[in-house]
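Taking it in order: structure first as structure tokens, then the write-up.
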2 protein chains.
Amino acid sequence: MVTKNQIKLVTSLQQKKYRTLHGLFAVEGIKSVNELLESGLTVQNVYVNNRKYIDSVDSECVMVTDTVMRQMSSLSTPSGVIGVFEIPKPKRFVGDGWTLALDAVRDPGNLGTIIRLCDWFDIEHLVCSQDTVDCYNPKVLQATMGSIARVNIHYVDLPQFLNENQLPVYGTFMNGANIYEEKLGDKGILVLGNEANGISLEVEKYVTRRIGIPQFGKQTTESLNVATASAIFLSEIRRG
Amino acid sequence: MVTKNQIKLVTSLQQKKYRTLHGLFAVEGIKSVNELLESGLTVQNVYVNNRKYIDSVDSECVMVTDTVMRQMSSLSTPSGVIGVFEIPKPKRFVGDGWTLALDAVRDPGNLGTIIRLCDWFDIEHLVCSQDTVDCYNPKVLQATMGSIARVNIHYVDLPQFLNENQLPVYGTFMNGANIYEEKLGDKGILVLGNEANGISLEVEKYVTRRIGIPQFGKQTTESLNVATASAIFLSEIRRG
């Protein structure tokens with residue numbers, strides 16, 4: 001049986017302040033829930049609104065009515081499965097190899113896609129400025145598809161973090177040096193900036209090399225979306 | 001003065017059948033409207049709900065009330081500027097160079113991002129299967145940011161199109177040959193498939209070479225999102 005307090009708790013996890021307060025986050029969808037269960041995250045509860053899900057979820061489940069599921073869900077069409085997990089402590093940052101750093105990325109879909117890319121391209125640590133969107137935001141989780149459990153995500157004072165590290169810092173700019181002609185070493189920090197304003201002046205101070213993706217089409221003022229740019233930069237780092 | 005019929009027309013353009021019927025589409029936001037005006041598309045009308053926009057829009061404008069703007073807009077927070085343009089006839093397809101082909105891409109955000117990528121990487125023709133989402137869908141237009149005017153988009157019977165062309169057809173698959181080791185020529189058709197199911201069996205018949213992006217992280221069942229995969233493939237084609 002689900003209690004009123006449980007319903008209130010799960011609903012509250014749509015807001016960052018309650019996720020921080022309780023040290024918990026909620027994820028929706030059977031595939032994502034099972035991936036997080038497999039990954040070894042600590043589960044608090046899994047709620048389902050239909051017996052058919054019970055056999056497919058690799059954990060004990062609490063049955064709830066459709067009405068309760070709608071209350072708990074952040075989706076306009078609830079998936080029928082919600083898992084509540086403890087927010088993991090990220091492993092201590094170790095700067096051997098490549099790290100991705102985000103300066104004020106605000107769109108949840110972009111952050112979700114970037115986490116998935118880190119997973120694909122084996123980037124162990126993702127470092128985010130404090131004003132980057134929270135990685136346990138429901139829309140971020142929807143876009144990560146379970147990758148969130150395989151990437152260590154740190155929220156830090158980004159200028160201070162860059163200042164304290166001795167690694168080369170590659171900043172991405174519209175007018176940066178052609179990435180395809182760049183000799184990328186086997187370690188460094190790659191920084192991508194905000195959707196509208198790019199890398200902030202404070203962070204730019206610590207950039208040791210400015211790089212960019214050349215535009216092949218007619219020159220326009222548009223830049224590439226931050227998530228697609230991340231895909232290309234990570235591909236360049238790994239292709240060798 | 002705006003007439004009732006004009007309001008009805010603009011609102012109807014949110015649906016594909018009315019866009020096809022009238023040969024028109026609507027785009028929102030001052031930046032996108034101005035970009036399409038500059039690109040030489042034929043404008044039918046621009047509607048604004050505030051005099052301050054009149055000076056910034058490079059065309060005559062029709063003033064409407066906030067209530068009418070909300071009726072016309074597909075956005076929950078209307079931007080205050082809606083342009084109605086004639087759907088352009090795509091230039092005749094010429095297969096010299098690289099063409100991107102999409103097999104049943106359904107997500108408007110993905111198609112919008114892919115159109116923007118074609119613009120960036122100078123892909124003149126984008127060929128879509130009939131069951132790919134319509135490129136004049138409001139959510140696609142929001143993601144393209146004006147690139148729509150610089151890419152020729154064709155909706156075709158994709159198997160037939162591939163059959164009639166003599167170009168090499170590169171199909172993208174999870175288990176395809178490593179793209180980083182591939183010798184890509186100066187012409188070909190690159191095919192990306194549906195978000196959930198990849199390339200259909202019917203289209204696969206015409207693929208002459210299967211390629212893929214190697215996974216560097218822990219092996220999972222996840223694939224890359226079709227828009228980020230497009231970014232990496234187009235980057236590989238153009239980087240030389």
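Here, A, B, ... name the chains of the structure tokens in the order displayed, residue numbers run from 1 inside each chain, and ligands are numbered from 1 in the same displayed order.
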Exercise: region 224-235 of chain A partners within 8 Å, only C-alpha atoms, chain neighbours under 5 positions left out, as a list in words:
Asn110, Leu111, Thr113, Ile114, Leu117, Phe121, Ile179, Leu192, Gly193, Asn194, Glu195 and Ile213 of chain A; Thr113, Arg116, Leu117, Trp120, Ala227, Thr228, Ala229, Ala231, Ile232 and Ser235 of chain B
Could you please take those selected residues and save N, CA, C and O atoms as a CSV table (one decimal), in the first residue's frame?
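The result, written out as selection04.csv:
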```csv
chain,number,residue,atom,x,y,z
A,110,ASN,N,19.5,19.0,-23.9
A,110,ASN,CA,20.9,19.0,-24.3
A,110,ASN,C,21.8,18.3,-23.2
A,110,ASN,O,22.7,17.5,-23.6
A,111,LEU,N,21.6,18.6,-22.0
A,111,LEU,CA,22.4,17.9,-20.9
A,111,LEU,C,22.2,16.4,-21.0
A,111,LEU,O,23.1,15.6,-20.9
A,113,THR,N,21.4,14.5,-23.6
A,113,THR,CA,22.1,14.0,-24.8
A,113,THR,C,23.6,14.0,-24.5
A,113,THR,O,24.3,13.0,-24.9
A,114,ILE,N,24.1,15.0,-23.8
A,114,ILE,CA,25.6,15.1,-23.6
A,114,ILE,C,26.0,14.0,-22.6
A,114,ILE,O,27.0,13.3,-22.8
A,117,LEU,N,26.3,10.9,-24.6
A,117,LEU,CA,27.5,10.9,-25.4
A,117,LEU,C,28.7,10.6,-24.5
A,117,LEU,O,29.6,9.9,-25.0
A,121,PHE,N,31.3,7.6,-25.5
A,121,PHE,CA,32.7,7.9,-25.8
A,121,PHE,C,33.6,7.7,-24.6
A,121,PHE,O,34.7,8.2,-24.6
A,179,ILE,N,39.2,22.2,-35.5
A,179,ILE,CA,39.4,21.0,-34.7
A,179,ILE,C,40.0,19.9,-35.5
A,179,ILE,O,40.7,19.0,-35.0
A,192,LEU,N,32.5,23.3,-23.0
A,192,LEU,CA,31.4,23.8,-23.9
A,192,LEU,C,30.6,24.8,-23.1
A,192,LEU,O,30.3,24.6,-21.9
A,193,GLY,N,30.1,25.8,-23.8
A,193,GLY,CA,29.4,26.9,-23.1
A,193,GLY,C,27.9,26.9,-23.3
A,193,GLY,O,27.3,26.0,-23.8
A,194,ASN,N,27.3,27.9,-22.7
A,194,ASN,CA,25.9,28.1,-22.7
A,194,ASN,C,25.3,28.2,-24.2
A,194,ASN,O,25.9,28.7,-25.1
A,195,GLU,N,24.0,27.8,-24.3
A,195,GLU,CA,23.3,27.7,-25.6
A,195,GLU,C,23.3,29.1,-26.3
A,195,GLU,O,23.5,29.1,-27.5
A,213,ILE,N,34.6,24.1,-34.7
A,213,ILE,CA,34.2,23.2,-35.9
A,213,ILE,C,34.0,24.1,-37.1
A,213,ILE,O,33.1,25.0,-37.0
B,113,THR,N,17.2,19.4,-36.0
B,113,THR,CA,18.6,19.4,-35.7
B,113,THR,C,19.4,18.9,-37.0
B,113,THR,O,20.4,19.5,-37.3
B,116,ARG,N,19.6,21.6,-39.6
B,116,ARG,CA,20.6,22.5,-39.2
B,116,ARG,C,22.0,22.0,-39.5
B,116,ARG,O,22.9,22.7,-40.0
B,117,LEU,N,22.2,20.7,-39.3
B,117,LEU,CA,23.5,20.1,-39.6
B,117,LEU,C,23.8,20.1,-41.1
B,117,LEU,O,24.9,20.3,-41.5
B,120,TRP,N,25.0,23.4,-42.0
B,120,TRP,CA,26.4,23.6,-41.5
B,120,TRP,C,27.4,22.9,-42.3
B,120,TRP,O,28.5,23.4,-42.7
B,227,ALA,N,20.2,12.3,-34.3
B,227,ALA,CA,20.7,13.6,-34.6
B,227,ALA,C,22.2,13.7,-34.3
B,227,ALA,O,23.0,14.2,-35.1
B,228,THR,N,22.6,13.2,-33.1
B,228,THR,CA,24.0,13.2,-32.8
B,228,THR,C,24.8,12.3,-33.7
B,228,THR,O,25.9,12.6,-34.1
B,229,ALA,N,24.2,11.1,-34.0
B,229,ALA,CA,24.9,10.2,-35.0
B,229,ALA,C,25.1,10.9,-36.3
B,229,ALA,O,26.2,10.9,-36.9
B,231,ALA,N,25.5,14.1,-36.8
B,231,ALA,CA,26.5,15.1,-36.6
B,231,ALA,C,27.9,14.4,-36.9
B,231,ALA,O,28.8,14.9,-37.6
B,232,ILE,N,28.1,13.2,-36.3
B,232,ILE,CA,29.4,12.6,-36.4
B,232,ILE,C,29.6,12.1,-37.8
B,232,ILE,O,30.7,12.2,-38.3
B,235,SER,N,30.4,15.0,-40.0
B,235,SER,CA,31.7,15.5,-39.7
B,235,SER,C,32.8,14.7,-40.4
B,235,SER,O,33.8,15.2,-40.9
```
What does chain A look like once superposed on chain B, all Cα atoms paired in sequence order, least squares? Give it as a tab-separated table (two decimals) with C-alpha atoms, in the first residue's frame.
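The file below, out18.tsv, is the result:
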```
chain	number	residue	atom	x	y	z
A	1	MET	CA	-6.79	44.63	-39.90
A	2	VAL	CA	-6.76	40.89	-39.57
A	3	THR	CA	-9.83	38.99	-40.79
A	4	LYS	CA	-11.41	35.93	-39.20
A	5	ASN	CA	-10.40	33.91	-42.25
A	6	GLN	CA	-6.76	34.91	-41.83
A	7	ILE	CA	-6.79	33.82	-38.18
A	8	LYS	CA	-8.38	30.52	-39.19
A	9	LEU	CA	-5.83	30.04	-41.96
A	10	VAL	CA	-2.78	30.65	-39.77
A	11	THR	CA	-4.10	28.37	-37.03
A	12	SER	CA	-4.83	25.63	-39.57
A	13	LEU	CA	-1.19	25.65	-40.74
A	14	GLN	CA	-0.23	23.76	-37.57
A	15	GLN	CA	-1.65	20.71	-39.37
A	16	LYS	CA	0.09	19.11	-42.31
A	17	LYS	CA	-3.07	18.63	-44.40
A	18	TYR	CA	-3.79	22.36	-44.38
A	19	ARG	CA	-0.15	23.23	-45.14
A	20	THR	CA	-0.37	20.95	-48.18
A	21	LEU	CA	-3.80	22.30	-49.17
A	22	HIS	CA	-2.72	25.95	-49.03
A	23	GLY	CA	0.94	25.50	-49.99
A	24	LEU	CA	1.86	27.63	-46.97
A	25	PHE	CA	3.63	27.23	-43.63
A	26	ALA	CA	3.95	29.44	-40.54
A	27	VAL	CA	7.12	30.16	-38.61
A	28	GLU	CA	7.41	31.90	-35.22
A	29	GLY	CA	10.03	34.19	-33.75
A	30	ILE	CA	11.60	37.34	-35.11
A	31	LYS	CA	14.98	35.76	-35.86
A	32	SER	CA	13.56	32.88	-37.89
A	33	VAL	CA	11.09	35.14	-39.71
A	34	ASN	CA	13.86	37.56	-40.71
A	35	GLU	CA	16.14	34.73	-41.83
A	36	LEU	CA	13.41	33.33	-44.07
A	37	LEU	CA	12.66	36.80	-45.45
A	38	GLU	CA	16.34	37.28	-46.29
A	39	SER	CA	16.60	33.86	-47.88
A	40	GLY	CA	14.23	34.90	-50.62
A	41	LEU	CA	11.24	32.74	-49.70
A	42	THR	CA	7.92	34.28	-50.73
A	43	VAL	CA	6.18	35.79	-47.72
A	44	GLN	CA	2.39	35.96	-47.54
A	45	ASN	CA	2.01	37.87	-44.27
A	46	VAL	CA	3.80	38.68	-41.03
A	47	TYR	CA	1.68	39.06	-37.89
A	48	VAL	CA	2.95	40.88	-34.78
A	49	ASN	CA	1.25	41.71	-31.49
A	50	ASN	CA	3.42	44.68	-30.56
A	51	ARG	CA	4.49	47.82	-32.45
A	52	LYS	CA	8.08	47.35	-31.23
A	53	TYR	CA	8.46	44.40	-33.65
A	54	ILE	CA	7.42	46.37	-36.72
A	55	ASP	CA	10.79	48.11	-37.03
A	56	SER	CA	12.74	44.89	-36.58
A	57	VAL	CA	10.89	42.82	-39.19
A	58	ASP	CA	12.11	43.27	-42.77
A	59	SER	CA	8.59	43.17	-44.23
A	60	GLU	CA	5.22	44.81	-43.83
A	61	CYS	CA	3.39	43.56	-40.75
A	62	VAL	CA	-0.21	43.07	-39.68
A	63	MET	CA	-0.89	44.11	-36.08
A	64	VAL	CA	-2.99	41.67	-34.05
A	65	THR	CA	-4.12	41.60	-30.43
A	66	ASP	CA	-2.51	39.32	-27.83
A	67	THR	CA	-5.65	37.16	-27.92
A	68	VAL	CA	-5.39	36.65	-31.67
A	69	MET	CA	-1.66	35.95	-31.40
A	70	ARG	CA	-2.38	33.24	-28.84
A	71	GLN	CA	-4.98	31.71	-31.18
A	72	MET	CA	-2.56	31.68	-34.12
A	73	SER	CA	0.49	30.45	-32.22
A	74	SER	CA	1.51	26.83	-31.70
A	75	LEU	CA	3.57	27.82	-28.66
A	76	SER	CA	2.33	27.98	-25.09
A	77	THR	CA	4.26	31.27	-24.82
A	78	PRO	CA	3.84	32.96	-28.22
A	79	SER	CA	6.90	34.86	-29.42
A	80	GLY	CA	4.82	37.75	-30.78
A	81	VAL	CA	5.90	37.36	-34.42
A	82	ILE	CA	4.47	34.85	-36.92
A	83	GLY	CA	5.46	34.74	-40.59
A	84	VAL	CA	3.43	32.90	-43.20
A	85	PHE	CA	5.47	31.76	-46.20
A	86	GLU	CA	4.88	29.79	-49.39
A	87	ILE	CA	6.28	26.26	-49.27
A	88	PRO	CA	9.15	26.38	-51.77
A	89	LYS	CA	9.53	23.80	-54.54
A	90	PRO	CA	12.84	22.02	-53.83
A	91	LYS	CA	15.46	22.37	-56.59
A	92	ARG	CA	15.76	19.31	-58.79
A	93	PHE	CA	17.85	16.63	-57.06
A	94	VAL	CA	21.39	16.44	-58.39
A	95	GLY	CA	23.51	13.65	-57.01
A	96	ASP	CA	26.95	15.20	-57.31
A	97	GLY	CA	28.44	15.16	-53.86
A	98	TRP	CA	26.93	13.85	-50.65
A	99	THR	CA	23.24	13.54	-49.88
A	100	LEU	CA	21.62	12.66	-46.56
A	101	ALA	CA	18.58	10.36	-46.59
A	102	LEU	CA	16.25	9.72	-43.64
A	103	ASP	CA	14.17	6.57	-43.27
A	104	ALA	CA	11.16	7.27	-41.01
A	105	VAL	CA	12.69	9.79	-38.60
A	106	ARG	CA	9.70	10.72	-36.44
A	107	ASP	CA	10.86	13.18	-33.81
A	108	PRO	CA	10.47	16.84	-34.92
A	109	GLY	CA	13.42	17.96	-32.77
A	110	ASN	CA	15.66	15.38	-34.44
A	111	LEU	CA	14.63	16.43	-37.95
A	112	GLY	CA	15.13	20.10	-37.06
A	113	THR	CA	18.62	19.41	-35.73
A	114	ILE	CA	19.48	17.35	-38.82
A	115	ILE	CA	18.37	20.15	-41.18
A	116	ARG	CA	20.61	22.55	-39.24
A	117	LEU	CA	23.49	20.07	-39.58
A	118	CYS	CA	22.93	19.79	-43.36
A	119	ASP	CA	23.16	23.57	-43.55
A	120	TRP	CA	26.39	23.63	-41.48
A	121	PHE	CA	28.05	20.82	-43.41
A	122	ASP	CA	26.90	22.04	-46.83
A	123	ILE	CA	24.62	19.11	-47.70
A	124	GLU	CA	22.45	20.57	-50.46
A	125	HIS	CA	19.78	17.87	-50.60
A	126	LEU	CA	18.03	16.09	-47.74
A	127	VAL	CA	15.87	13.19	-48.93
A	128	CYS	CA	13.15	11.92	-46.58
A	129	SER	CA	10.93	8.84	-46.73
A	130	GLN	CA	7.23	9.68	-46.89
A	131	ASP	CA	6.81	8.59	-43.25
A	132	THR	CA	9.46	11.00	-41.97
A	133	VAL	CA	7.96	13.86	-39.94
A	134	ASP	CA	6.95	16.86	-42.08
A	135	CYS	CA	9.70	19.49	-42.23
A	136	TYR	CA	7.16	22.35	-41.94
A	137	ASN	CA	5.84	21.00	-38.63
A	138	PRO	CA	6.07	23.91	-36.10
A	139	LYS	CA	8.38	21.92	-33.79
A	140	VAL	CA	10.75	21.13	-36.66
A	141	LEU	CA	10.86	24.80	-37.65
A	142	GLN	CA	11.61	25.80	-34.08
A	143	ALA	CA	14.67	23.52	-34.07
A	144	THR	CA	15.99	24.49	-37.53
A	145	MET	CA	16.48	28.19	-36.78
A	146	GLY	CA	16.11	29.35	-40.37
A	147	SER	CA	18.29	26.65	-41.93
A	148	ILE	CA	15.18	25.29	-43.64
A	149	ALA	CA	15.55	27.87	-46.41
A	150	ARG	CA	19.10	26.77	-47.26
A	151	VAL	CA	18.55	23.01	-47.63
A	152	ASN	CA	16.47	21.32	-50.37
A	153	ILE	CA	14.16	18.84	-48.70
A	154	HIS	CA	12.53	16.11	-50.79
A	155	TYR	CA	9.84	13.65	-49.65
A	156	VAL	CA	10.09	10.53	-51.79
A	157	ASP	CA	9.49	6.80	-52.00
A	158	LEU	CA	12.90	6.07	-50.47
A	159	PRO	CA	13.50	2.51	-51.79
A	160	GLN	CA	12.56	3.66	-55.30
A	161	PHE	CA	14.79	6.75	-54.99
A	162	LEU	CA	17.77	4.64	-53.94
A	163	ASN	CA	17.07	2.14	-56.69
A	164	GLU	CA	17.07	4.87	-59.34
A	165	ASN	CA	20.36	6.37	-58.23
A	166	GLN	CA	23.76	4.94	-59.10
A	167	LEU	CA	25.53	6.46	-56.08
A	168	PRO	CA	27.07	4.34	-53.31
A	169	VAL	CA	24.55	4.01	-50.45
A	170	TYR	CA	26.05	4.08	-46.94
A	171	GLY	CA	23.63	2.71	-44.36
A	172	THR	CA	24.27	3.36	-40.67
A	173	PHE	CA	23.95	0.39	-38.30
A	174	MET	CA	25.01	-0.36	-34.71
A	175	ASN	CA	27.25	-3.15	-36.02
A	176	GLY	CA	28.41	-1.42	-39.21
A	177	ALA	CA	32.08	-1.07	-40.20
A	178	ASN	CA	34.06	1.46	-38.14
A	179	ILE	CA	33.39	4.87	-39.72
A	180	TYR	CA	36.82	6.13	-38.59
A	181	GLU	CA	38.55	3.51	-40.76
A	182	GLU	CA	36.30	4.06	-43.77
A	183	LYS	CA	37.58	5.63	-46.95
A	184	LEU	CA	34.67	7.90	-47.85
A	185	GLY	CA	34.69	9.13	-51.43
A	186	ASP	CA	33.50	12.51	-52.63
A	187	LYS	CA	29.95	11.38	-53.34
A	188	GLY	CA	27.32	9.08	-51.95
A	189	ILE	CA	24.06	8.81	-50.08
A	190	LEU	CA	24.21	8.48	-46.29
A	191	VAL	CA	21.09	6.81	-44.84
A	192	LEU	CA	19.97	7.13	-41.21
A	193	GLY	CA	17.03	5.21	-39.85
A	194	ASN	CA	14.13	5.49	-37.44
A	195	GLU	CA	14.76	6.35	-33.76
A	196	ALA	CA	13.57	2.97	-32.44
A	197	ASN	CA	13.95	0.55	-35.34
A	198	GLY	CA	16.81	1.89	-37.44
A	199	ILE	CA	16.80	1.36	-41.20
A	200	SER	CA	13.84	-0.64	-42.56
A	201	LEU	CA	14.35	-3.94	-44.40
A	202	GLU	CA	13.00	-2.40	-47.61
A	203	VAL	CA	15.60	0.35	-47.56
A	204	GLU	CA	18.39	-1.93	-46.34
A	205	LYS	CA	18.21	-3.84	-49.66
A	206	TYR	CA	19.73	-0.83	-51.43
A	207	VAL	CA	22.55	-0.27	-48.92
A	208	THR	CA	25.92	-0.95	-50.55
A	209	ARG	CA	28.04	-0.35	-47.44
A	210	ARG	CA	27.15	-0.75	-43.73
A	211	ILE	CA	28.92	1.70	-41.43
A	212	GLY	CA	28.70	2.58	-37.72
A	213	ILE	CA	30.22	4.62	-34.90
A	214	PRO	CA	32.23	2.42	-32.51
A	215	GLN	CA	31.21	2.45	-28.85
A	216	PHE	CA	34.14	3.41	-26.59
A	217	GLY	CA	32.44	3.06	-23.22
A	218	LYS	CA	30.99	0.00	-21.52
A	219	GLN	CA	28.96	-1.96	-24.05
A	220	THR	CA	25.27	-1.24	-23.58
A	221	THR	CA	22.22	-1.77	-25.74
A	222	GLU	CA	21.75	1.97	-26.18
A	223	SER	CA	22.44	3.53	-29.54
A	224	LEU	CA	23.36	7.15	-30.16
A	225	ASN	CA	20.47	9.53	-30.85
A	226	VAL	CA	19.88	9.86	-34.63
A	227	ALA	CA	20.69	13.60	-34.63
A	228	THR	CA	24.01	13.22	-32.77
A	229	ALA	CA	24.90	10.24	-35.00
A	230	SER	CA	24.19	12.42	-38.05
A	231	ALA	CA	26.53	15.07	-36.65
A	232	ILE	CA	29.38	12.56	-36.37
A	233	PHE	CA	28.81	10.99	-39.82
A	234	LEU	CA	28.61	14.40	-41.55
A	235	SER	CA	31.73	15.53	-39.70
A	236	GLU	CA	33.56	12.44	-40.98
A	237	ILE	CA	32.40	13.09	-44.54
A	238	ARG	CA	33.61	16.70	-44.50
A	239	ARG	CA	36.77	16.56	-42.36
A	240	GLY	CA	38.70	15.01	-45.25
```
Would you give me, as a PyMOL selection string, the residues in region 9-238 of chain B that DSSP reads as strand (DSSP E)?
chain B and resi 24-28+43-48+62-63+81-86+98-102+125-129+152-156+169-178+188-192+209-212
List every residue of chain B that DSSP, applied to the backbone of this structure, places in alpha helix (DSSP H), and write the result as JSON, numbers by chain.
{"B": [4, 5, 6, 7, 8, 9, 10, 11, 12, 16, 17, 18, 19, 20, 21, 22, 30, 31, 32, 33, 34, 35, 36, 37, 38, 51, 52, 53, 54, 66, 67, 68, 69, 70, 71, 72, 108, 109, 110, 111, 112, 113, 114, 115, 116, 117, 118, 119, 120, 138, 139, 140, 141, 142, 143, 144, 158, 159, 160, 161, 162, 163, 164, 201, 202, 203, 204, 226, 227, 228, 229, 230, 231, 232, 233, 234, 235, 236, 237, 238, 239]}
